[in-house]
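Following: one structure in structure tokens, then a few remarks.
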Amino acid sequence: MSDSLESEVKTNPQGDPITSAAPAPATATKVGRKDPHAEAKKQKIVTPEYMFSEAPREREFITGSECAKEAVRRSNVDMSIAYPITPQSETLQLIGVLYGEGYVKEFYRGEEEYGVMSAMAGGSRAGVRCFTATAGPGTLRGLEPIASWPGHRLPLVAMFTCRVVNAPLAIQPDNIEIAYLLNCGMIVFHAENQQDLFDYIMKAFIISEMNDVTLPVGVCCDGFFVTHARGYCAMQDKGLKLPAREAWRGAVPVLDAENPPARLSRDAPVQKSNFMAYNIHAVWQQEVWAAVERSRKYIDLYMDGLLEAQNVEDADVLLIASGSMAGQCREAIRMCTEKGIKAGLIKIRSLRPFPTKELRKLCAKAKLIVVPEFNYVGWLAKDVATAIYGYSKAKIVAGPHVYGGMSMPVEMIYDEIECGLTGKKSATVPSSAIMGTVDPDEVAHFMQNI
Amino acid sequence: MSLDYVKFTPGFGKFMPKEYRDMVDFGPFGKKTSVSQVGTFKEILEEHPMCAGCAMTLFIRLAMIAFPNPEDTITVGTAGCGRLAISQAAIPFVYGNYGDQNGVASGLARGLKLRFGDKPKDVVVMAGDGGMADIGFAQTLHSWFRKEKFTTIMLDNEVYGNTGGQESGMTNKGQVLKMAPLGKKFEKMDMLGMAKVAGCAYVATVVPNNPRRVESVIKKAVLIAREVGPTYIQAYTSCNIEYAIPTEKVLEDCNVVENDRYKFSEYISDEAKEALAHLYGYKEYLPKPAKAIE
């Protein structure tokens, strides 16, 4: 292969994990032995603002798993706990490499996801910055502790490389697991590609630890499409890192016997006894979701908004998508342009908090909204319909859907646009999943069925 | 630093509840207290919502008196009777999810180690037999195999007491309980054996009717976990409600069970003996001097 074709720098060529091996046995003299942590020790702390907006970046062509590794390298992560599951395994084994190199201070392979997510809770309570990742069945196995992180107000970042969860067993991309994460009280981002994944993970740490947020952040991406495929990722110098977590900053004190009041279970007062007043739990839940709301300003500040709009001015048709589906939608819009249909794209970056206000504004004049998804149930369409109900007269198509690991043919999206505009019956989206503007009964039926 | 967090901001002391002032003035923080001094200092666990005559509460109370550095101790537990008392104590307590205590403690102990290095920060898990041997089994065993440096204490009442008396893995064979209508069909689980196989540096059984012994095993377990590796204490803490033990006979029952299946046993690894002898002055574990040749 010629040099010109291989000109991209690969920071993480496959096989690199050798760097995490234990140092060679000491020989007679230690002179000349390389400190495996030398590079990590030289990292310079910069402000989040500098890191995210000003630091010069170099573009590399790497996989999503490698992007996650590079994000963690620059995020001053204290502890990471790993457990393998396809398609996540590569990510955490690469974090293991970072541990070997001293970029991550503590790392171990846990027993299974329930144990891992519990230990993440322990680490976050100790006041250190924690990162883990899982996928599909692992997400559901760990869901009990995951769903309790927000209530315990534990800042940490978990990456979800979405895959099929239901029987029959499969490892293919299908983002049904996000439906379960949306109602936990955690912040949930959905990355479209390698670049998003890199940026969202780093920003997630900073947003998660803001005093008025103090919540876990889930950074989701579609498995394989993002984790295993290579894409361009513009990254800051690896000699830079974010400021460390300041344990005293959280809205709820860490349990280190240094910061009063340290008795979360007694003083908070959650879980005081079996007979805790319902109103105490109610206000605690309200506060968790209020913290989700308060994160909006930081998402606006660091991530340039909860959504990204493209060609929405004067568009008759809006495609609303999150994750990798946004890429397919861009291609569908190109087809629409060729055929003279004015179509625009809204890519949702943050699913929790959800960009309700933004959508109400952007969707006000649209005639047709199509919400394609990589799952059967259409969790995004439900949120979109709920958000804009009463604020838009658009016909909303909850589909098309592909699931079980299929990729979305652009033609399928285009067909829905055409059917939606012409009134032709769709071959793939049932009429119960289409909210029209004519018949109130139809609307009611739709709201019941989504 | 730790001691500061239990003290008042200057000038605010007189506005604090008496219970809190007593804790600062007469509590065990920063002092060496012993079960023989009970009544002369304010204990970190006094008020609690446990049943009258509960042996588990007595054990938890004794265990907390025995903590070598209560001001630097964080307890971790799970659902069950025990946490209703533990959560009322004047030291931090983590109550997470069902059976997650040894996983949480793993992350917590490692995180505290990262932040505080060799400064003692003792993590002590206290959970019931169901939480530890049944629902939390994998995390318990794996934390031992990983040699996590914290203490695990099982409050073994041989039943799911808090949910109303169902069979647990630690129930004795033949015992009729809810969910065991024909009697339990398999043996009490040998968690002591498993603790040794999994590499615990210290394993002991204890009953609460011998306070000095409880104090001794807790102190050793916490200190060994701090210096060497995982430690396990299995305590018989009867449920007088589900096993219908008259309140005045609770300690008598402890004696009976001690003589039956809870005889005092203690295992200490050589490394743990050395640590106790050299770091904490346990003379009985100093290597015996060689006998003079006669």
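Every chain in the structure tokens takes a letter, A first, then B, and so on in the order presented; its residues are numbered from 1, and the ligands are numbered from 1 following the presented order.
Excluding Arg115 of chain B and any residue on its chain fewer than 5 positions from it, the residues at most 9 Å away by only C-alpha atoms are A:Ala126, A:Gly127, A:Val128, B:Arg110.
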Run DSSP on the backbone of this structure and report the residues of segment 322-396 of chain A it assigns to alpha helix (DSSP H), as a PyMOL selection string.
chain A and resi 325-338+356-362+379-388
Nearest to chain A by atom-to-atom distance, counting only C-alpha atoms, from B:Ile74, B:Leu108, B:Val24, B:Leu62:
B:Leu108
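Close contacts of segment 206-214 of chain B, defined as residues with an atom at most 7 Å away when counting only C-alpha atoms, with chain neighbours fewer than 6 positions off set aside, comprise Val35, Ala55, Leu58, Phe59, Leu62, Ala63, Gln234, Ala235, Tyr236, Thr237, Leu251, Cys254, Glu258, Tyr262 and Phe264 of chain B.
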File dump, residues just selected, N, CA, C and O atoms, as a compact mmCIF listing (two decimals), in the first residue's frame:
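Final output, result.txt:
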```txt
# COMPACT_ATOMS: atom_id res chain seq x y z
N VAL B 35 -15.90 -2.36 75.07
CA VAL B 35 -17.21 -2.80 75.56
C VAL B 35 -17.28 -2.79 77.09
O VAL B 35 -18.36 -2.67 77.65
N ALA B 55 -31.32 -9.78 68.95
CA ALA B 55 -29.91 -10.08 69.18
C ALA B 55 -29.03 -9.39 68.13
O ALA B 55 -27.87 -9.07 68.39
N LEU B 58 -28.03 -5.99 69.31
CA LEU B 58 -26.97 -6.07 70.31
C LEU B 58 -25.63 -6.27 69.62
O LEU B 58 -24.64 -5.61 69.94
N PHE B 59 -25.63 -7.17 68.63
CA PHE B 59 -24.38 -7.43 67.93
C PHE B 59 -23.87 -6.19 67.19
O PHE B 59 -22.69 -5.84 67.26
N LEU B 62 -22.40 -3.73 69.59
CA LEU B 62 -21.07 -4.16 70.07
C LEU B 62 -20.02 -3.97 68.97
O LEU B 62 -18.90 -3.53 69.22
N ALA B 63 -20.42 -4.33 67.73
CA ALA B 63 -19.48 -4.23 66.62
C ALA B 63 -19.04 -2.78 66.43
O ALA B 63 -17.87 -2.49 66.19
N GLN B 234 -18.79 -14.14 60.56
CA GLN B 234 -20.15 -14.64 60.47
C GLN B 234 -20.73 -14.66 61.89
O GLN B 234 -20.23 -15.39 62.75
N ALA B 235 -21.73 -13.82 62.10
CA ALA B 235 -22.27 -13.68 63.45
C ALA B 235 -23.68 -14.26 63.51
O ALA B 235 -24.52 -13.96 62.67
N TYR B 236 -23.93 -15.07 64.54
CA TYR B 236 -25.30 -15.56 64.74
C TYR B 236 -26.08 -14.46 65.45
O TYR B 236 -25.75 -14.04 66.56
N THR B 237 -27.09 -13.95 64.78
CA THR B 237 -27.87 -12.85 65.33
C THR B 237 -29.34 -13.23 65.20
O THR B 237 -30.03 -12.80 64.28
N LEU B 251 -30.69 -14.57 74.75
CA LEU B 251 -29.28 -14.88 74.99
C LEU B 251 -29.07 -16.36 75.33
O LEU B 251 -28.04 -16.94 74.99
N CYS B 254 -28.78 -17.98 72.16
CA CYS B 254 -27.44 -17.77 71.61
C CYS B 254 -26.48 -18.82 72.16
O CYS B 254 -25.65 -19.37 71.43
N GLU B 258 -24.64 -21.51 70.00
CA GLU B 258 -23.18 -21.48 70.03
C GLU B 258 -22.64 -22.89 70.26
O GLU B 258 -21.66 -23.31 69.63
N TYR B 262 -22.57 -22.93 66.15
CA TYR B 262 -21.86 -21.64 66.08
C TYR B 262 -20.72 -21.58 67.08
O TYR B 262 -20.49 -20.57 67.73
N PHE B 264 -17.20 -20.99 68.56
CA PHE B 264 -16.25 -19.95 68.17
C PHE B 264 -15.14 -20.55 67.32
O PHE B 264 -14.55 -21.57 67.67
```
Could the residues of chain B that have an atom at most 9 Å from chain A be listed as a Markdown table, each with its closest atom pair and the distance in Å to one decimal, counting only C-alpha atoms and ordered by chain and ascending residue number?
```
| residue | atom | partner | partner_atom | distance |
| --- | --- | --- | --- | --- |
| B:Met1 | CA | A:Glu258 | CA | 6.3 |
| B:Ser2 | CA | A:Glu258 | CA | 4.8 |
| B:Leu3 | CA | A:Glu258 | CA | 8.0 |
| B:Asp4 | CA | A:Glu258 | CA | 7.8 |
| B:Tyr5 | CA | A:Pro260 | CA | 5.5 |
| B:Val6 | CA | A:Pro260 | CA | 7.5 |
| B:Pro49 | CA | A:Ser273 | CA | 8.3 |
| B:Glu71 | CA | A:Ala257 | CA | 6.8 |
| B:Asp72 | CA | A:Ala257 | CA | 5.7 |
| B:Thr73 | CA | A:Ala257 | CA | 7.1 |
| B:Ile74 | CA | A:Ala257 | CA | 7.1 |
| B:Arg83 | CA | A:Ser273 | CA | 8.5 |
| B:Leu84 | CA | A:Ser273 | CA | 5.8 |
| B:Ser87 | CA | A:Arg266 | CA | 5.9 |
| B:Gln88 | CA | A:Arg266 | CA | 6.3 |
| B:Ala89 | CA | A:Arg266 | CA | 8.4 |
| B:Ala90 | CA | A:Arg263 | CA | 7.6 |
| B:Ile91 | CA | A:Arg263 | CA | 6.6 |
| B:Pro92 | CA | A:Arg263 | CA | 4.5 |
| B:Phe93 | CA | A:Arg263 | CA | 6.0 |
| B:Val94 | CA | A:Ser265 | CA | 6.9 |
| B:Tyr95 | CA | A:Ser265 | CA | 6.8 |
| B:Gly96 | CA | A:Ser148 | CA | 7.6 |
| B:Asn97 | CA | A:Pro145 | CA | 6.3 |
| B:Tyr98 | CA | A:Glu144 | CA | 8.5 |
| B:Asp100 | CA | A:Ser118 | CA | 5.9 |
| B:Gln101 | CA | A:Ser118 | CA | 7.8 |
| B:Asn102 | CA | A:Ala119 | CA | 8.1 |
| B:Gly103 | CA | A:Ala119 | CA | 4.7 |
| B:Val104 | CA | A:Gly122 | CA | 4.2 |
| B:Ala105 | CA | A:Gly122 | CA | 6.0 |
| B:Ser106 | CA | A:Ala119 | CA | 5.8 |
| B:Gly107 | CA | A:Ala119 | CA | 4.2 |
| B:Leu108 | CA | A:Gly122 | CA | 4.1 |
| B:Ala109 | CA | A:Ala126 | CA | 7.6 |
| B:Arg110 | CA | A:Gly123 | CA | 7.0 |
| B:Gly111 | CA | A:Gly123 | CA | 5.0 |
| B:Leu112 | CA | A:Ala126 | CA | 5.4 |
| B:Lys113 | CA | A:Ala126 | CA | 9.0 |
| B:Leu114 | CA | A:Lys105 | CA | 7.7 |
| B:Arg115 | CA | A:Val128 | CA | 7.5 |
| B:Lys121 | CA | A:Asp256 | CA | 7.8 |
| B:Ala138 | CA | A:Glu111 | CA | 7.3 |
| B:Gln139 | CA | A:Gly115 | CA | 6.0 |
| B:His142 | CA | A:Glu111 | CA | 6.4 |
| B:Ser143 | CA | A:Glu111 | CA | 8.7 |
```
For Asp134 of chain B, list every protein, DNA or RNA residue within 10 Å, evaluated using only C-alpha atoms, and leave out those in the same chain fewer than 2 positions away; present the list as a PyMOL selection string.
chain B and resi 99+128-132+136-138+140+168-170+189
Suppose we keep C-alpha atoms; can you now write the selection as an mmCIF file, in the first residue's frame?
```
data_model
loop_
_atom_site.group_PDB
_atom_site.id
_atom_site.type_symbol
_atom_site.label_atom_id
_atom_site.label_comp_id
_atom_site.auth_asym_id
_atom_site.auth_seq_id
_atom_site.Cartn_x
_atom_site.Cartn_y
_atom_site.Cartn_z
ATOM 1 C CA GLY B 99 -27.232 -7.542 47.387
ATOM 2 C CA GLY B 128 -27.848 -10.244 56.391
ATOM 3 C CA ASP B 129 -27.581 -13.877 55.418
ATOM 4 C CA GLY B 130 -29.989 -13.424 52.498
ATOM 5 C CA GLY B 131 -28.236 -10.306 51.216
ATOM 6 C CA MET B 132 -24.858 -11.965 51.380
ATOM 7 C CA GLY B 136 -25.359 -10.852 46.841
ATOM 8 C CA PHE B 137 -23.469 -14.148 46.608
ATOM 9 C CA ALA B 138 -21.530 -13.449 43.405
ATOM 10 C CA THR B 140 -19.430 -11.314 47.984
ATOM 11 C CA SER B 168 -32.609 -18.308 53.159
ATOM 12 C CA GLY B 169 -29.534 -20.221 52.034
ATOM 13 C CA MET B 170 -28.244 -19.969 55.604
ATOM 14 C CA MET B 189 -24.472 -22.884 53.144
#
```
Quick one: residues within 7 Å of Glu43 of chain B, only C-alpha atoms counted, chain neighbours fewer than 5 positions away excluded, as a list in words?
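So, after excluding close chain neighbours, the residues are Gly27, Pro28 and Ile65 of chain B.
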Sorted by chain and rising residue number, list the residues of segment 295-338 of chain A at most 12 Å from segment 226-237 of chain A (counting only C-alpha atoms), each with its closest atom pair and distance in Å to one decimal, as a Markdown table.
```
| residue | atom | partner | partner_atom | distance |
| --- | --- | --- | --- | --- |
| A:Gly323 | CA | A:Val226 | CA | 9.2 |
| A:Ser324 | CA | A:Val226 | CA | 7.6 |
| A:Met325 | CA | A:Val226 | CA | 11.2 |
| A:Gly327 | CA | A:Val226 | CA | 11.3 |
```
Based on DSSP run over this structure's backbone, return all residues of segment 280-405 of chain A in strand (DSSP E), as JSON, numbers by chain.
{"A": [307, 308, 309, 310, 317, 318, 319, 320, 321, 343, 344, 345, 346, 347, 348, 350, 351, 352, 368, 369, 370, 395, 396, 397]}
Output N, CA, C and O atoms for every residue in that selection, as a short mmCIF file (atom, residue, chain, number, x, y, z; two decimals), in the first residue's frame.
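Resulting contents of out_18.cif:
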```
data_model
loop_
_atom_site.label_atom_id
_atom_site.label_comp_id
_atom_site.auth_asym_id
_atom_site.auth_seq_id
_atom_site.Cartn_x
_atom_site.Cartn_y
_atom_site.Cartn_z
N LEU A 307 -29.97 19.92 20.53
CA LEU A 307 -30.19 19.36 19.20
C LEU A 307 -29.43 20.17 18.16
O LEU A 307 -28.89 21.25 18.46
N GLU A 308 -29.39 19.62 16.98
CA GLU A 308 -28.70 20.29 15.88
C GLU A 308 -29.70 20.30 14.72
O GLU A 308 -30.27 19.27 14.38
N ALA A 309 -29.96 21.50 14.17
CA ALA A 309 -30.95 21.60 13.08
C ALA A 309 -30.25 21.91 11.77
O ALA A 309 -29.32 22.71 11.72
N GLN A 310 -30.73 21.25 10.74
CA GLN A 310 -30.09 21.41 9.43
C GLN A 310 -31.20 21.57 8.39
O GLN A 310 -32.11 20.74 8.33
N VAL A 317 -40.94 19.10 5.21
CA VAL A 317 -40.76 17.81 5.88
C VAL A 317 -39.59 17.91 6.84
O VAL A 317 -38.52 18.42 6.49
N LEU A 318 -39.79 17.42 8.08
CA LEU A 318 -38.68 17.36 9.03
C LEU A 318 -38.42 15.90 9.40
O LEU A 318 -39.34 15.16 9.74
N LEU A 319 -37.15 15.53 9.31
CA LEU A 319 -36.75 14.22 9.82
C LEU A 319 -36.18 14.47 11.21
O LEU A 319 -35.35 15.36 11.39
N ILE A 320 -36.65 13.71 12.20
CA ILE A 320 -36.10 13.86 13.55
C ILE A 320 -35.46 12.53 13.93
O ILE A 320 -36.09 11.47 13.84
N ALA A 321 -34.19 12.61 14.31
CA ALA A 321 -33.46 11.37 14.58
C ALA A 321 -32.41 11.62 15.64
O ALA A 321 -32.01 12.75 15.90
N ALA A 343 -36.82 19.29 2.58
CA ALA A 343 -36.74 18.50 3.81
C ALA A 343 -35.58 18.96 4.68
O ALA A 343 -34.55 19.39 4.18
N GLY A 344 -35.78 18.90 5.98
CA GLY A 344 -34.73 19.28 6.92
C GLY A 344 -34.53 18.20 7.97
O GLY A 344 -35.32 17.26 8.09
N LEU A 345 -33.43 18.34 8.74
CA LEU A 345 -33.10 17.32 9.74
C LEU A 345 -32.94 17.96 11.12
O LEU A 345 -32.30 19.00 11.27
N ILE A 346 -33.55 17.32 12.11
CA ILE A 346 -33.25 17.69 13.50
C ILE A 346 -32.58 16.49 14.15
O ILE A 346 -33.18 15.42 14.27
N LYS A 347 -31.31 16.67 14.51
CA LYS A 347 -30.59 15.59 15.19
C LYS A 347 -30.61 15.90 16.68
O LYS A 347 -30.16 16.96 17.11
N ILE A 348 -31.15 14.97 17.46
CA ILE A 348 -31.26 15.20 18.90
C ILE A 348 -30.02 14.64 19.58
O ILE A 348 -29.71 13.46 19.48
N SER A 350 -29.27 15.36 23.00
CA SER A 350 -29.59 15.04 24.39
C SER A 350 -31.02 14.52 24.49
O SER A 350 -31.97 15.23 24.19
N LEU A 351 -31.15 13.27 24.91
CA LEU A 351 -32.48 12.67 25.05
C LEU A 351 -33.06 12.95 26.44
O LEU A 351 -34.26 12.99 26.63
N ARG A 352 -32.18 13.11 27.44
CA ARG A 352 -32.56 13.56 28.77
C ARG A 352 -31.49 14.51 29.22
O ARG A 352 -30.36 14.08 29.39
N LEU A 368 -44.99 17.74 7.71
CA LEU A 368 -44.81 16.31 7.94
C LEU A 368 -43.53 16.09 8.76
O LEU A 368 -42.49 16.69 8.49
N ILE A 369 -43.66 15.22 9.77
CA ILE A 369 -42.49 14.86 10.58
C ILE A 369 -42.32 13.35 10.52
O ILE A 369 -43.27 12.60 10.78
N VAL A 370 -41.13 12.92 10.14
CA VAL A 370 -40.85 11.49 10.06
C VAL A 370 -39.75 11.17 11.07
O VAL A 370 -38.73 11.86 11.13
N LYS A 395 -48.30 16.20 10.42
CA LYS A 395 -48.60 14.77 10.53
C LYS A 395 -47.30 14.11 11.00
O LYS A 395 -46.22 14.39 10.46
N ILE A 396 -47.39 13.30 12.06
CA ILE A 396 -46.16 12.67 12.58
C ILE A 396 -46.17 11.18 12.25
O ILE A 396 -47.10 10.46 12.60
N VAL A 397 -45.12 10.74 11.59
CA VAL A 397 -44.98 9.32 11.26
C VAL A 397 -43.98 8.70 12.24
O VAL A 397 -42.80 9.06 12.25
#
```
Would you work out the distance separating atom CA of Asp212 of chain A from atom CA of Ala290 of chain A, expressed in Å to one decimal?
9.3 Å
Tell me which protein, DNA and RNA residues are within 9 Å of Glu358 of chain A, counting only C-alpha atoms, leaving out same-chain ones fewer than 3 positions away, and put them as a list in words.
Leu306, Leu307, Pro355, Lys361, Leu362 and Cys363 of chain A
Would you write out those residues with all heavy atoms, as a JSON list (two decimals), in the first residue's frame?
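Saved result, again_2.json, follows:
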```json
[["chain", "number", "residue", "atom", "x", "y", "z"],
["A", 306, "LEU", "N", -29.09, 21.13, 22.74],
["A", 306, "LEU", "CA", -29.58, 19.76, 22.91],
["A", 306, "LEU", "C", -29.86, 19.10, 21.58],
["A", 306, "LEU", "O", -30.04, 17.89, 21.50],
["A", 306, "LEU", "CB", -30.87, 19.76, 23.76],
["A", 306, "LEU", "CG", -30.69, 19.94, 25.27],
["A", 306, "LEU", "CD1", -30.39, 21.37, 25.64],
["A", 306, "LEU", "CD2", -31.90, 19.45, 26.03],
["A", 307, "LEU", "N", -29.97, 19.92, 20.53],
["A", 307, "LEU", "CA", -30.19, 19.36, 19.20],
["A", 307, "LEU", "C", -29.43, 20.17, 18.16],
["A", 307, "LEU", "O", -28.89, 21.25, 18.46],
["A", 307, "LEU", "CB", -31.68, 19.30, 18.87],
["A", 307, "LEU", "CG", -32.53, 20.58, 18.96],
["A", 307, "LEU", "CD1", -32.26, 21.56, 17.83],
["A", 307, "LEU", "CD2", -34.01, 20.20, 18.96],
["A", 355, "PRO", "N", -35.16, 18.07, 24.30],
["A", 355, "PRO", "CA", -35.25, 19.44, 23.79],
["A", 355, "PRO", "C", -36.69, 19.84, 23.44],
["A", 355, "PRO", "O", -37.00, 20.18, 22.28],
["A", 355, "PRO", "CB", -34.35, 19.42, 22.55],
["A", 355, "PRO", "CG", -34.37, 18.01, 22.10],
["A", 355, "PRO", "CD", -34.53, 17.16, 23.33],
["A", 361, "LYS", "N", -40.59, 24.95, 18.76],
["A", 361, "LYS", "CA", -40.30, 26.10, 17.89],
["A", 361, "LYS", "C", -40.00, 25.62, 16.47],
["A", 361, "LYS", "O", -40.57, 26.11, 15.49],
["A", 361, "LYS", "CB", -39.10, 26.85, 18.48],
["A", 361, "LYS", "CG", -39.03, 28.28, 18.04],
["A", 361, "LYS", "CD", -37.91, 28.99, 18.80],
["A", 361, "LYS", "CE", -37.32, 30.06, 17.89],
["A", 361, "LYS", "NZ", -35.90, 30.28, 18.15],
["A", 362, "LEU", "N", -39.11, 24.65, 16.38],
["A", 362, "LEU", "CA", -38.65, 24.22, 15.05],
["A", 362, "LEU", "C", -39.73, 23.50, 14.26],
["A", 362, "LEU", "O", -39.72, 23.50, 13.04],
["A", 362, "LEU", "CB", -37.41, 23.31, 15.19],
["A", 362, "LEU", "CG", -36.13, 23.98, 15.69],
["A", 362, "LEU", "CD1", -35.07, 22.94, 16.01],
["A", 362, "LEU", "CD2", -35.59, 24.96, 14.64],
["A", 363, "CYS", "N", -40.66, 22.84, 14.96],
["A", 363, "CYS", "CA", -41.66, 22.03, 14.26],
["A", 363, "CYS", "C", -42.96, 22.79, 13.97],
["A", 363, "CYS", "O", -43.89, 22.23, 13.38],
["A", 363, "CYS", "CB", -42.00, 20.78, 15.08],
["A", 363, "CYS", "SG", -40.60, 19.70, 15.31]]
```
